[in-house]
Every structure is written in structure tokens, then in C-alpha cells.
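K.L.:
Input entry14.cif, format and content: mmCIF, C-alpha atoms.
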```
data_model
#
loop_
_atom_site.label_atom_id
_atom_site.label_comp_id
_atom_site.auth_asym_id
_atom_site.auth_seq_id
_atom_site.Cartn_x
_atom_site.Cartn_y
_atom_site.Cartn_z
CA MET A 1132 -26.02 15.94 -37.93
CA ARG A 1133 -23.40 17.33 -40.29
CA MET A 1134 -22.30 19.78 -37.59
CA VAL A 1135 -22.10 17.01 -34.98
CA GLY A 1136 -19.96 14.95 -37.33
CA LEU A 1137 -17.60 17.86 -37.92
CA ILE A 1138 -17.29 18.43 -34.18
CA LEU A 1139 -16.49 14.73 -33.55
CA CYS A 1140 -13.87 14.77 -36.29
CA ALA A 1141 -12.29 17.87 -34.79
CA ILE A 1142 -12.05 16.13 -31.45
CA LEU A 1143 -10.93 12.69 -32.57
CA PHE A 1144 -8.55 13.51 -35.42
CA PRO A 1145 -5.84 15.11 -33.23
CA LEU A 1146 -6.04 12.14 -30.86
CA LEU A 1147 -5.40 9.76 -33.73
CA LEU A 1148 -2.20 11.63 -34.48
CA LEU A 1149 -0.87 11.12 -30.92
CA PRO A 1150 0.87 7.89 -29.89
CA ASN A 1151 -1.47 5.55 -28.12
CA LEU A 1152 0.29 5.57 -24.77
CA ASN A 1153 -2.01 3.02 -23.18
CA ALA A 1154 -1.35 0.63 -26.06
CA GLN A 1155 2.39 1.23 -25.70
CA PHE A 1156 2.30 0.46 -22.00
CA LEU A 1157 0.19 -2.65 -22.57
CA MET A 1158 2.59 -3.86 -25.25
CA ALA A 1159 5.58 -3.32 -22.94
CA GLN A 1160 3.84 -5.23 -20.15
CA GLN A 1161 3.04 -8.14 -22.44
CA GLN A 1162 6.72 -8.43 -23.37
CA TRP A 1163 7.42 -9.90 -19.92
CA GLN A 1164 6.44 -13.30 -18.54
CA GLY A 1165 6.51 -14.09 -14.82
CA SER A 1166 7.36 -17.59 -13.55
CA VAL A 1167 6.41 -18.29 -9.95
CA LEU A 1168 8.84 -20.83 -8.45
CA PRO A 1169 7.69 -23.62 -6.11
CA THR A 1170 9.61 -22.22 -3.12
CA ARG A 1171 7.41 -20.67 -0.44
CA LEU A 1172 8.75 -18.01 1.91
CA THR A 1173 7.74 -16.55 5.25
CA VAL A 1174 9.47 -13.24 4.60
CA GLY A 1175 11.86 -13.02 1.66
CA TYR A 1176 14.07 -10.40 3.26
CA SER A 1177 16.87 -10.64 0.72
CA VAL A 1178 17.66 -12.23 -2.64
CA ARG A 1179 21.18 -12.38 -4.12
CA VAL A 1180 22.62 -13.94 -7.27
CA ALA A 1181 25.73 -16.12 -6.88
CA ASP A 1182 27.21 -19.29 -8.41
CA ILE A 1183 26.97 -21.44 -5.29
CA ASN A 1184 27.83 -24.83 -6.84
CA ARG A 1185 30.53 -23.48 -9.21
CA ASP A 1186 28.89 -24.76 -12.40
CA GLN A 1187 29.09 -21.37 -14.17
CA LYS A 1188 25.33 -20.86 -13.75
CA PRO A 1189 24.09 -18.12 -11.42
CA ASP A 1190 21.98 -19.44 -8.55
CA LEU A 1191 19.66 -17.58 -6.17
CA VAL A 1192 20.41 -17.10 -2.47
CA ILE A 1193 17.45 -16.09 -0.32
CA VAL A 1194 17.33 -15.01 3.30
CA ASP A 1195 14.01 -16.13 4.74
CA ALA A 1196 12.78 -15.41 8.25
CA LYS A 1197 14.03 -18.60 9.89
CA ARG A 1198 16.33 -20.04 7.23
CA VAL A 1199 18.82 -19.25 4.51
CA LEU A 1200 18.45 -21.20 1.26
CA TRP A 1201 19.70 -21.35 -2.30
CA LEU A 1202 17.83 -22.27 -5.46
CA GLU A 1203 19.84 -24.23 -8.02
CA ASN A 1204 19.85 -23.07 -11.61
CA PRO A 1205 18.22 -24.12 -13.97
CA ILE A 1206 15.33 -26.03 -12.34
CA TRP A 1207 15.52 -23.97 -9.12
CA SER A 1208 15.59 -26.92 -6.75
CA GLU A 1209 15.64 -25.72 -3.15
CA HIS A 1210 18.54 -26.35 -0.73
CA VAL A 1211 18.49 -25.12 2.86
CA ILE A 1212 21.86 -23.72 3.93
CA TRP A 1213 20.97 -22.91 7.52
CA ALA A 1214 17.76 -23.23 9.52
CA THR A 1215 16.95 -21.33 12.72
CA PRO A 1216 13.43 -22.48 13.64
CA GLU A 1217 13.88 -21.79 17.35
CA ALA A 1218 15.25 -18.28 16.91
CA LYS A 1219 13.12 -15.59 18.49
CA PHE A 1220 13.98 -13.07 15.79
CA ASP A 1221 14.57 -13.24 12.05
CA ASN A 1222 17.47 -13.54 9.65
CA VAL A 1223 17.62 -10.43 7.46
CA CYS A 1224 20.59 -10.17 5.07
CA CYS A 1225 23.55 -11.96 3.49
CA ALA A 1226 26.55 -11.40 1.21
CA ALA A 1227 28.50 -14.07 -0.70
CA GLU A 1228 32.31 -14.31 -0.60
CA ASP A 1229 35.04 -16.97 -0.38
CA ILE A 1230 35.70 -16.09 3.25
CA ASP A 1231 38.10 -18.90 4.15
CA GLY A 1232 39.95 -18.97 0.82
CA ASP A 1233 39.18 -22.58 -0.07
CA GLY A 1234 37.73 -21.80 -3.51
CA ASP A 1235 33.99 -21.94 -2.82
CA LEU A 1236 31.53 -19.24 -1.83
CA ASP A 1237 30.61 -18.77 1.81
CA LEU A 1238 28.00 -16.36 3.15
CA ALA A 1239 28.17 -13.54 5.65
CA VAL A 1240 24.77 -13.33 7.37
CA GLY A 1241 22.88 -10.85 9.50
CA CYS A 1242 20.29 -12.18 11.92
CA ASP A 1243 18.54 -11.45 15.23
CA TRP A 1244 16.66 -8.76 13.32
CA GLN A 1245 14.90 -6.42 15.76
CA ALA A 1246 13.94 -3.27 13.88
CA ASN A 1247 13.08 -1.19 16.95
CA ASN A 1248 15.63 -2.52 19.44
CA THR A 1249 18.52 -0.09 19.11
CA ALA A 1250 20.22 -1.17 22.35
CA SER A 1251 21.06 -4.83 21.75
CA GLY A 1252 20.85 -7.73 19.30
CA GLY A 1253 21.75 -7.57 15.65
CA ALA A 1254 24.01 -10.59 15.18
CA ILE A 1255 26.60 -10.97 12.41
CA GLY A 1256 28.09 -14.32 11.43
CA TRP A 1257 29.22 -16.34 8.45
CA LEU A 1258 28.19 -19.66 6.96
CA GLU A 1259 30.97 -21.97 5.82
CA ALA A 1260 30.14 -23.90 2.65
CA PRO A 1261 30.78 -27.67 2.67
CA ASP A 1262 32.32 -29.46 -0.31
CA ASP A 1263 28.77 -30.26 -1.43
CA PRO A 1264 26.77 -27.01 -1.01
CA ARG A 1265 23.54 -29.00 -1.07
CA ARG A 1266 24.33 -30.17 2.46
CA PRO A 1267 23.88 -28.00 5.58
CA TRP A 1268 26.52 -25.33 6.12
CA THR A 1269 28.40 -24.46 9.33
CA HIS A 1270 27.64 -21.22 11.15
CA HIS A 1271 30.42 -19.18 12.77
CA ALA A 1272 29.61 -16.19 14.98
CA ILE A 1273 31.27 -12.80 14.45
CA THR A 1274 29.31 -10.62 16.89
CA ALA A 1275 25.96 -10.68 18.68
CA ASP A 1276 25.94 -6.94 19.37
CA GLU A 1277 25.41 -4.74 16.33
CA PRO A 1278 21.82 -3.54 16.89
CA THR A 1279 19.44 -3.42 13.89
CA THR A 1280 22.00 -4.95 11.50
CA HIS A 1281 20.13 -4.69 8.20
CA ARG A 1282 22.38 -4.65 5.09
CA MET A 1283 25.81 -6.07 4.27
CA TYR A 1284 28.09 -6.15 1.22
CA TRP A 1285 31.70 -7.02 0.42
CA ALA A 1286 33.96 -4.20 -0.75
CA ASN A 1287 37.57 -3.44 -1.64
CA LEU A 1288 37.95 -0.06 0.03
CA ASP A 1289 41.72 0.39 0.09
CA GLY A 1290 43.30 -2.20 -2.23
CA LYS A 1291 45.02 -3.91 0.69
CA GLY A 1292 44.33 -7.61 1.00
CA PRO A 1293 40.98 -9.36 0.52
CA ARG A 1294 37.65 -7.58 0.47
CA SER A 1295 36.08 -6.49 3.75
CA LEU A 1296 32.51 -6.88 4.96
CA VAL A 1297 30.64 -3.57 5.11
CA VAL A 1298 27.69 -3.63 7.53
CA ALA A 1299 24.93 -1.03 7.84
CA PRO A 1300 22.40 -1.16 10.67
CA LEU A 1301 19.06 0.42 9.96
CA LYS A 1302 19.15 2.75 12.96
CA GLY A 1303 21.76 4.32 15.19
CA ARG A 1304 22.59 2.60 18.45
CA GLY A 1305 20.44 4.18 21.15
CA SER A 1306 18.22 6.10 18.73
CA SER A 1307 14.60 6.40 19.75
CA ALA A 1308 11.08 6.74 18.43
CA PRO A 1309 9.20 8.39 16.92
CA GLY A 1310 11.78 9.72 14.45
CA TRP A 1311 14.84 7.50 15.11
CA ASP A 1312 16.89 10.44 13.85
CA ASN A 1313 18.66 11.47 17.06
CA VAL A 1314 21.67 9.16 16.54
CA GLY A 1315 23.58 8.36 13.36
CA VAL A 1316 24.08 4.83 12.03
CA ARG A 1317 27.48 3.21 12.54
CA LEU A 1318 28.53 2.11 9.06
CA SER A 1319 31.27 -0.40 9.79
CA ARG A 1320 33.97 -2.42 8.07
CA TRP A 1321 34.82 -5.94 9.24
CA LYS A 1322 38.13 -7.48 8.11
CA VAL A 1323 38.44 -11.24 7.71
CA PRO A 1324 41.17 -12.42 10.12
CA ALA A 1325 44.16 -14.06 8.45
CA GLU A 1326 43.71 -17.05 10.74
CA VAL A 1327 40.42 -17.98 9.05
CA SER A 1328 42.20 -19.22 5.91
CA SER A 1329 44.50 -21.36 8.05
CA GLY A 1330 41.65 -23.21 9.71
CA LYS A 1331 40.77 -21.07 12.77
CA LYS A 1332 37.20 -20.44 11.71
CA ASP A 1333 35.86 -19.09 15.03
CA VAL A 1334 38.48 -16.42 15.66
CA GLY A 1335 37.21 -12.91 16.42
CA TRP A 1336 36.89 -10.25 13.72
CA THR A 1337 37.82 -6.61 14.22
CA SER A 1338 35.73 -3.70 12.98
CA THR A 1339 36.28 -0.03 12.24
CA THR A 1340 33.75 2.76 11.81
CA LEU A 1341 33.49 4.23 8.31
CA ALA A 1342 30.81 6.85 9.02
CA GLN A 1343 28.44 7.69 11.84
CA SER A 1344 26.68 10.92 10.96
CA LEU A 1345 23.72 9.70 8.89
CA PRO A 1346 20.52 8.63 10.67
CA VAL A 1347 18.36 5.71 9.47
CA MET A 1348 20.30 4.14 6.61
CA HIS A 1349 18.00 1.75 4.79
CA ASN A 1350 20.36 0.65 2.00
CA LEU A 1351 23.70 1.17 0.30
CA GLN A 1352 25.55 0.06 -2.80
CA VAL A 1353 29.20 -0.80 -3.38
CA VAL A 1354 30.38 0.90 -6.58
CA ASP A 1355 33.72 1.67 -8.24
CA PHE A 1356 32.56 5.14 -9.18
CA ASN A 1357 35.67 6.28 -11.06
CA ARG A 1358 36.80 2.79 -12.20
CA ASP A 1359 40.13 2.92 -10.40
CA GLY A 1360 39.84 -0.58 -8.93
CA LEU A 1361 38.79 0.64 -5.48
CA ASP A 1362 35.23 0.74 -4.19
CA GLU A 1363 33.17 3.63 -2.96
CA LEU A 1364 29.83 3.39 -1.14
CA LEU A 1365 26.53 4.97 -2.12
CA LEU A 1366 24.43 5.53 1.00
CA ALA A 1367 20.69 6.22 1.33
CA SER A 1368 19.60 7.77 4.62
CA PHE A 1369 17.36 10.39 6.19
CA ARG A 1370 19.89 12.95 4.89
CA GLY A 1371 19.44 11.91 1.26
CA VAL A 1372 22.05 10.21 -0.95
CA HIS A 1373 25.78 10.38 -0.20
CA LEU A 1374 28.93 8.97 -1.76
CA TRP A 1375 31.47 7.65 0.75
CA LEU A 1376 35.11 7.79 -0.36
CA ALA A 1377 38.08 6.28 1.43
CA GLY A 1378 40.80 8.72 2.43
CA GLU A 1379 44.08 8.94 0.54
CA GLY A 1380 47.30 9.04 2.53
CA GLU A 1381 46.69 11.10 5.66
CA SER A 1382 43.33 12.42 4.50
CA LYS A 1383 40.22 11.10 6.16
CA ALA A 1384 37.28 9.43 4.45
CA ARG A 1385 34.72 11.84 3.02
CA LEU A 1386 30.98 11.97 2.53
CA ILE A 1387 29.83 13.80 -0.61
CA GLN A 1388 26.12 14.53 -0.92
CA LEU A 1389 24.66 13.81 -4.36
CA GLY A 1390 20.91 13.87 -3.70
CA ALA A 1391 18.81 15.82 -1.23
CA GLY A 1392 16.20 13.17 -0.43
CA GLU A 1393 12.65 14.04 0.53
CA GLN A 1394 12.96 16.74 3.18
CA ALA A 1395 9.45 18.23 3.19
CA GLY A 1396 8.14 16.10 6.05
CA ALA A 1397 9.28 15.14 9.53
CA ALA A 1398 11.10 12.03 10.70
CA PRO A 1399 10.59 9.19 10.06
CA ALA A 1400 9.13 10.31 6.69
CA LEU A 1401 12.44 11.70 5.46
CA GLY A 1402 15.28 11.20 3.04
CA ALA A 1403 15.90 8.26 0.74
CA SER A 1404 15.20 4.60 1.39
CA GLU A 1405 16.93 2.65 -1.40
CA ILE A 1406 19.85 3.38 -3.70
CA ARG A 1407 21.23 2.01 -6.97
CA ILE A 1408 23.29 3.66 -9.70
CA GLY A 1409 22.56 3.38 -13.42
CA GLN A 1410 23.99 4.56 -16.73
CA LEU A 1411 22.52 7.28 -18.95
CA SER A 1412 23.72 8.51 -22.34
CA ALA A 1413 27.02 10.37 -22.85
CA GLY A 1414 28.61 8.68 -19.84
CA ARG A 1415 26.25 10.28 -17.32
CA HIS A 1416 24.87 8.40 -14.33
CA PHE A 1417 21.56 8.40 -12.53
CA LEU A 1418 20.66 7.29 -9.02
CA GLY A 1419 17.42 5.42 -8.38
CA THR A 1420 15.76 5.75 -4.98
CA ILE A 1421 12.52 5.33 -3.07
CA GLU A 1422 11.58 8.41 -1.04
CA PRO A 1423 11.02 9.12 1.75
CA TRP A 1424 11.98 6.16 3.99
CA HIS A 1425 9.64 3.29 3.01
CA GLY A 1426 8.00 5.92 0.91
CA ASN A 1427 5.56 6.47 -1.94
CA GLN A 1428 7.82 8.18 -4.48
CA VAL A 1429 10.04 6.69 -7.17
CA VAL A 1430 12.85 9.22 -7.61
CA VAL A 1431 15.86 9.52 -9.90
CA TYR A 1432 18.80 11.87 -9.53
CA GLU A 1433 20.41 12.64 -12.88
CA GLN A 1434 24.06 13.65 -13.06
CA PRO A 1435 24.22 17.20 -14.45
CA THR A 1436 25.70 17.27 -17.94
CA GLU A 1437 28.28 19.86 -16.94
CA VAL A 1438 29.56 17.86 -13.94
CA SER A 1439 32.32 15.30 -14.55
CA VAL A 1440 33.12 12.25 -12.43
CA GLU A 1441 36.27 14.02 -11.25
CA GLN A 1442 34.20 16.97 -10.05
CA VAL A 1443 31.83 14.63 -8.25
CA LEU A 1444 34.69 12.93 -6.42
CA ALA A 1445 36.20 16.29 -5.52
CA GLY A 1446 32.88 17.40 -4.06
CA ASN A 1447 32.81 20.47 -6.29
CA GLY A 1448 29.58 19.84 -8.18
CA PRO A 1449 25.99 20.78 -7.30
CA LEU A 1450 23.43 18.30 -6.07
CA TRP A 1451 22.14 16.07 -8.84
CA THR A 1452 18.84 16.92 -10.51
CA ARG A 1453 15.95 15.35 -8.62
CA ARG A 1454 13.01 14.00 -10.60
CA VAL A 1455 9.95 12.24 -9.16
CA LEU A 1456 8.82 9.54 -11.61
CA ASP A 1457 5.93 7.97 -9.74
CA ARG A 1458 3.74 8.61 -6.70
CA GLU A 1459 1.19 5.84 -7.30
CA LEU A 1460 2.65 3.34 -4.85
CA GLN A 1461 2.91 2.43 -1.21
CA TRP A 1462 6.03 1.17 0.54
CA GLY A 1463 8.56 0.95 -2.25
CA HIS A 1464 11.14 -1.56 -1.08
CA ALA A 1465 13.73 -2.52 -3.70
CA VAL A 1466 15.64 -0.93 -6.58
CA ALA A 1467 17.83 -2.23 -9.42
CA CYS A 1468 19.44 -0.48 -12.38
CA VAL A 1469 20.07 -2.74 -15.37
CA ASN A 1470 20.00 -2.60 -19.16
CA LEU A 1471 16.91 -4.53 -20.23
CA ASP A 1472 16.72 -3.57 -23.91
CA SER A 1473 18.93 -2.84 -26.89
CA ASP A 1474 19.79 0.78 -26.17
CA THR A 1475 22.86 2.11 -24.33
CA GLU A 1476 21.08 3.15 -21.14
CA ASP A 1477 20.01 1.31 -18.03
CA GLU A 1478 16.41 0.97 -16.95
CA LEU A 1479 15.23 1.51 -13.38
CA VAL A 1480 13.48 -1.46 -11.75
CA ILE A 1481 11.38 -0.81 -8.66
CA GLY A 1482 9.76 -3.20 -6.21
CA VAL A 1483 6.52 -2.18 -4.48
CA ARG A 1484 5.65 -4.05 -1.31
CA ASP A 1485 2.06 -3.05 -0.53
CA ASP A 1486 -1.15 -2.19 -2.33
CA ALA A 1487 -2.42 1.39 -2.20
CA GLY A 1488 -6.02 1.42 -3.35
CA SER A 1489 -6.06 0.66 -7.06
CA SER A 1490 -2.24 0.87 -7.26
CA ARG A 1491 -1.06 -2.69 -6.75
CA CYS A 1492 2.19 -4.07 -5.39
CA GLY A 1493 4.69 -5.68 -7.76
CA VAL A 1494 7.57 -4.91 -10.12
CA ARG A 1495 7.73 -1.73 -12.20
CA ILE A 1496 10.20 -0.72 -14.93
CA TYR A 1497 11.06 2.88 -15.81
CA ASP A 1498 12.77 3.60 -19.13
CA CYS A 1499 14.38 6.94 -20.00
CA GLN A 1500 13.29 8.09 -23.48
CA PRO A 1501 15.32 10.20 -25.96
CA SER A 1502 13.19 13.16 -24.88
CA GLY A 1503 14.45 12.77 -21.33
CA GLU A 1504 11.09 11.62 -20.00
CA TRP A 1505 10.69 8.25 -18.28
CA THR A 1506 7.96 5.75 -19.19
CA ARG A 1507 6.55 3.22 -16.73
CA THR A 1508 5.71 -0.45 -17.25
CA LEU A 1509 3.89 -2.58 -14.66
CA LEU A 1510 4.67 -6.31 -14.60
CA ASN A 1511 1.53 -8.23 -13.61
CA PRO A 1512 0.46 -5.95 -10.73
CA GLY A 1513 -0.38 -7.75 -7.50
CA GLU A 1514 1.65 -10.90 -8.27
CA VAL A 1515 4.46 -10.32 -5.78
CA ALA A 1516 4.58 -8.06 -2.73
CA VAL A 1517 8.21 -7.16 -3.28
CA GLU A 1518 10.50 -7.21 -0.26
CA ASP A 1519 13.65 -7.46 -2.37
CA LEU A 1520 14.67 -7.95 -5.99
CA ALA A 1521 17.74 -8.51 -8.16
CA ALA A 1522 18.53 -8.54 -11.87
CA ALA A 1523 20.89 -10.91 -13.70
CA ASP A 1524 21.22 -13.01 -16.84
CA LEU A 1525 20.21 -16.39 -15.43
CA ASP A 1526 20.11 -18.41 -18.67
CA ALA A 1527 23.08 -16.96 -20.63
CA ASP A 1528 20.89 -15.59 -23.42
CA GLY A 1529 22.37 -12.12 -23.16
CA GLN A 1530 19.28 -10.62 -21.51
CA ALA A 1531 18.81 -9.95 -17.83
CA GLU A 1532 15.95 -11.43 -15.86
CA ILE A 1533 14.31 -9.80 -12.83
CA ILE A 1534 14.04 -11.86 -9.65
CA ALA A 1535 11.58 -10.68 -6.99
CA VAL A 1536 10.80 -12.16 -3.56
CA GLY A 1537 7.58 -11.42 -1.76
CA ARG A 1538 6.61 -10.61 1.79
CA ALA A 1539 2.80 -10.82 2.02
CA THR A 1540 2.72 -13.08 -1.06
CA GLY A 1541 5.59 -15.31 0.21
CA ASN A 1542 6.71 -16.18 -3.32
CA VAL A 1543 9.70 -16.09 -5.66
CA VAL A 1544 9.04 -14.82 -9.18
CA ILE A 1545 11.40 -14.65 -12.17
CA TYR A 1546 10.40 -12.22 -14.94
CA ARG A 1547 11.77 -12.88 -18.43
CA ARG A 1548 11.40 -10.85 -21.57
CA LYS A 1549 9.47 -12.89 -24.14
#
```
Would you mind giving the structure from this file in C-alpha cells?
P.N.:
Amino acid sequence: MRMVGLILCAILFPLLLLPNLNAQFLMAQQQWQGSVLPTRLTVGYSVRVADINRDQKPDLVIVDAKRVLWLENPIWSEHVIWATPEAKFDNVCCAAEDIDGDGDLDLAVGCDWQANNTASGGAIGWLEAPDDPRRPWTHHAITADEPTTHRMYWANLDGKGPRSLVVAPLKGRGSSAPGWDNVGVRLSRWKVPAEVSSGKKDVGWTSTTLAQSLPVMHNLQVVDFNRDGLDELLLASFRGVHLWLAGEGESKARLIQLGAGEQAGAAPALGASEIRIGQLSAGRHFLGTIEPWHGNQVVVYEQPTEVSVEQVLAGNGPLWTRRVLDRELQWGHAVACVNLDSDTEDELVIGVRDDAGSSRCGVRIYDCQPSGEWTRTLLNPGEVAVEDLAAADLDADGQAEIIAVGRATGNVVIYRRK
């Protein structure tokens, strides 16, 4: 018995000296509380944060399958902006901007969502806000022919005039199954006509092509990478992660590759599916992605310590260091980078859409430690089948909340730190 006791002590004593990682993870999970809002969704394709009623409180704008709605802060009462119950295909994306210059926020919208129709469809329009945004809004068409329109954002690309609408279809026009990689996506810029602010709301918009060499572009982010007041675009595609820069003077726009993406498989299991940029220590950045397209890997690309922002913009640096943080997921479908604690670095927030055996859907947080390793926290696994998410300080307490909208679960959940 004495020998058995000595053996047990030899085994257990070193374990007692190690941090109890399970307890740490449980404690981190218990620091968050999820609130499920009353709103029910068919497919919560997109959620955005914007002050719709101009009361200095951020509201939530959600693109549902057959309607666009906003939820009013702080009680999250539901207001339908636009309903399309007879539409054959779904609404899919939106982006808020004062399009007509009257002082309130309007919405650009993408609809007629047909993921596998690369020959037609893919409508773009905008919704004009009334004086009382709780009343129905007025839809104005821009085009009915931008196939697989999927993501849109407003950006100041050249410093000339108001911001332009940047639109990214999912697939290239005329691309075909099974890989959808035989034609690049037309990333386009749509300028608001000057006549819109003078009352001609249904005038045609003109577009230009920004890039057309990257196949299957699932997401992008508008970012002022070097803080010069002009925007660049981070693009996630089958070819990995690229930074798009506007040309200067006579020079043409450039694509600079930052991350390789998952390239071990064959299309359509390629590249990167989501993209957001975050801040690390010493002024370095990281890029958060899901890989491959609709994939099962949470990936970060860390800016090499020896590579400056100027070198990145010049295209002189190496590809950023790729690190796989998590493979225990299926169909990752949303990414945010936001500072959720008291340190100087951003955390990576990931949305998982589907269950994969014992690995449940939901929201996950990854936090870079002083050692350089990343820890993972699961927020109530299985509560929301995340189609999209956002992060913002909704209650002005100085801490960001996480807002997730579900597909299979059809819900809206706000996660707050306790």
C-alpha cells in the first residue's frame, strides 16, 4: 500500500502544479451571458450595427430571407424595413449609408440570391429611409444583373467625393460546378449618382471593376491599413487572403497576397472563406479566417515581426505566418476581431453554423496569450447556428457585446460579459 501511495503521489503531484486548463476554460465561458431576443428569423443572412433612428444608440439591422428589419436599442423592438414575401429568391446582404444626403441612414441591399446561378440574377438596390424609420422604407433598383451578389460594403477608395458601394459576388459570372474556380469574381465599385441627392432617386448607377482574378470570394473587409484616410480591401477567396490597394496617379490597382489559404485540397475545398483584421502587440496585425471555403479550420495569419506596414503595402514582405487554431468545427461562417478584455490585443470571434458530432455550433472566442498561444472559449455551444455575427458596444459601458444570428436556429442572440 505504501508503494501504491508513492506511485499515486508521483503521478498526481506534477498535475497539481499545472494550471487547470479545463477550469480556466469553464471560468471564461461562465463570464458570458447570452440573451435570446424575441425576433424569429428564417435565415439571418446578415447582421449589421448602425444608429438607424439617430438617438446615439447602436441598433441592429438584419437581412432575413424575405425581409429586411431593424431592432431598436435598448429593448430591441422589431421594425420591418422592407418585406418581399412573393420573391422567389432571398435577400442576402446590406450596407448602411446616407445615400441621398438627407441626414439619415439608408441601406444598400443585395437580393435575388441564387448561389449556383452564375448567369443571371443577383439584384442590387437601395432602401430610402423615411423621416420615421419605424415606417416602411422605399426600394430603388440599381441593377438586376450581378449574379450571385453576396457581400457589400461602403468604402472611400480614392478620397474623391462620397463613399462608393463595393460589391462582391460569391462566384464569377459563368463559372461552373463542381469547383466554380474557372472564372474570377468581378469585385465592383458603384458610385452614387449626384442626381440622387437632388431628388432623382431612381437614376442609374455606374460601376467599375476593381479586380477580377480571384475565384469564389466569400467575404471581404474595408480597412484603412496604413491610416492615411483612404480605404483598402481585404479579400478572402480560393487564392487565399489578398490586400487590394487603389492605384496612385497612373499606376493601376494592386493585389498583394498576405495569406496562402488552404491549398491542400481541390476546388471547392480551397482557400479562405472569411476575413477580418485584428491587432496584436507591438503594432502587429493578425488576420482571422475560416479555411477552406465553408471550412472546418479556424486560421490566423500573424504579421511577421520584421515586416512593417510600409513593406506590406509595397508588396515586399513574405506571406504572413499561418496558424491553425481549431479543427473541431463544421461550416465556420462568420469572423470578428475585437478587444473583449483589458489587454491591448484583439480577440478573434468565430461563428460556427453546423454541428459536427460532439462539436456544436455557436460562438467561439480565441485569445492570444503572452506565450503566443491562443486559448479557446465556447459560448453556450448549440445555442445559435451562426450565419453571421458582429461585435459592438451596444449599451455604452465600454465593453463590446457579440451579436449572432442563426440559420437552423432562426434566432438572434446577444452575448454580454458578466
K.L.:
A:Gly1315, A:Gly1493, A:Pro1264, A:Gly1392: which is nearest Thr1540 in chain A, counting only C-alpha atoms?
P.N.:
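Going through A:Gly1315, A:Gly1493, A:Pro1264, A:Gly1392 one by one, the smallest distance to Thr1540 in chain A is for A:Gly1493.
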K.L.:
If the PyMOL selection byres ((chain A and resi 1420) around 10) is run on the structure shown, which residues does it catch, given as a count of residues only?
P.N.:
34
K.L.:
Find the residues around Asp1477 in chain A up to 9 Å (all atoms listed in the file counted), leave out those fewer than 5 positions away in its own chain, and share them as a VMD selection string.
P.N.:
chain A and resid 1409 to 1411 1468 to 1472 1498 to 1499
K.L.:
Between CA of Gly1252 in chain A and CA of Gln1461 in chain A, what is the spacing in Å?
P.N.:
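Answer for the CA of Gln1461 in chain A to CA of Gly1252 in chain A separation: 29.1 Å.
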K.L.:
What is the distance between CA of Glu1459 in chain A and CA of Leu1172 in chain A, in Å to one decimal?
P.N.:
26.7 Å
K.L.:
Calculate how many Å separate CA of Val1174 in chain A from CA of Glu1518 in chain A, rounding to one decimal.
P.N.:
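Computing it gives 7.8 Å between the two atoms.
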K.L.:
For the PyMOL selection byres ((chain A and resi 1318-1328) around 8), applied here, can you spell out every residue it catches as a ChimeraX atom specification?
P.N.:
/A:1230-1233,1293-1300,1316-1317,1329-1343
K.L.:
For each of A:Glu1363, A:Glu1228, A:Glu1259, A:Glu1217, take the minimum atom-to-atom distance to Leu1444 in chain A, counting only C-alpha atoms, then give the residue where this is smallest.
P.N.:
A:Glu1363
K.L.:
Taking all atoms listed in the file into account, name the residue in A:Asn1184, A:Thr1508, A:Ser1368, A:Ser1208 that is nearest to Pro1169 in chain A.
P.N.:
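Once distances to Pro1169 in chain A are computed over all atoms listed in the file, the minimum belongs to A:Ser1208.
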K.L.:
Would you write out, as a VMD selection string, every residue that the PyMOL selection byres ((chain A and resi 1194) around 10) captures in this file?
P.N.:
chain A and resid 1172 to 1179 1192 to 1193 1195 to 1201 1212 to 1213 1221 to 1225 1240 to 1242 1536
K.L.:
Hey, which of A:Gly1448, A:Gly1290, A:Gly1378, A:Gly1488 ends up closest to Leu1460 in chain A? Count all atoms listed in the file.
P.N.:
A:Gly1488
K.L.:
Nearest to Gly1537 in chain A: which of A:Gln1245, A:Thr1170, A:Thr1269, A:Asn1447 is it, counting only C-alpha atoms?
P.N.:
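For Gly1537 in chain A, the nearest of the given residues is A:Thr1170.
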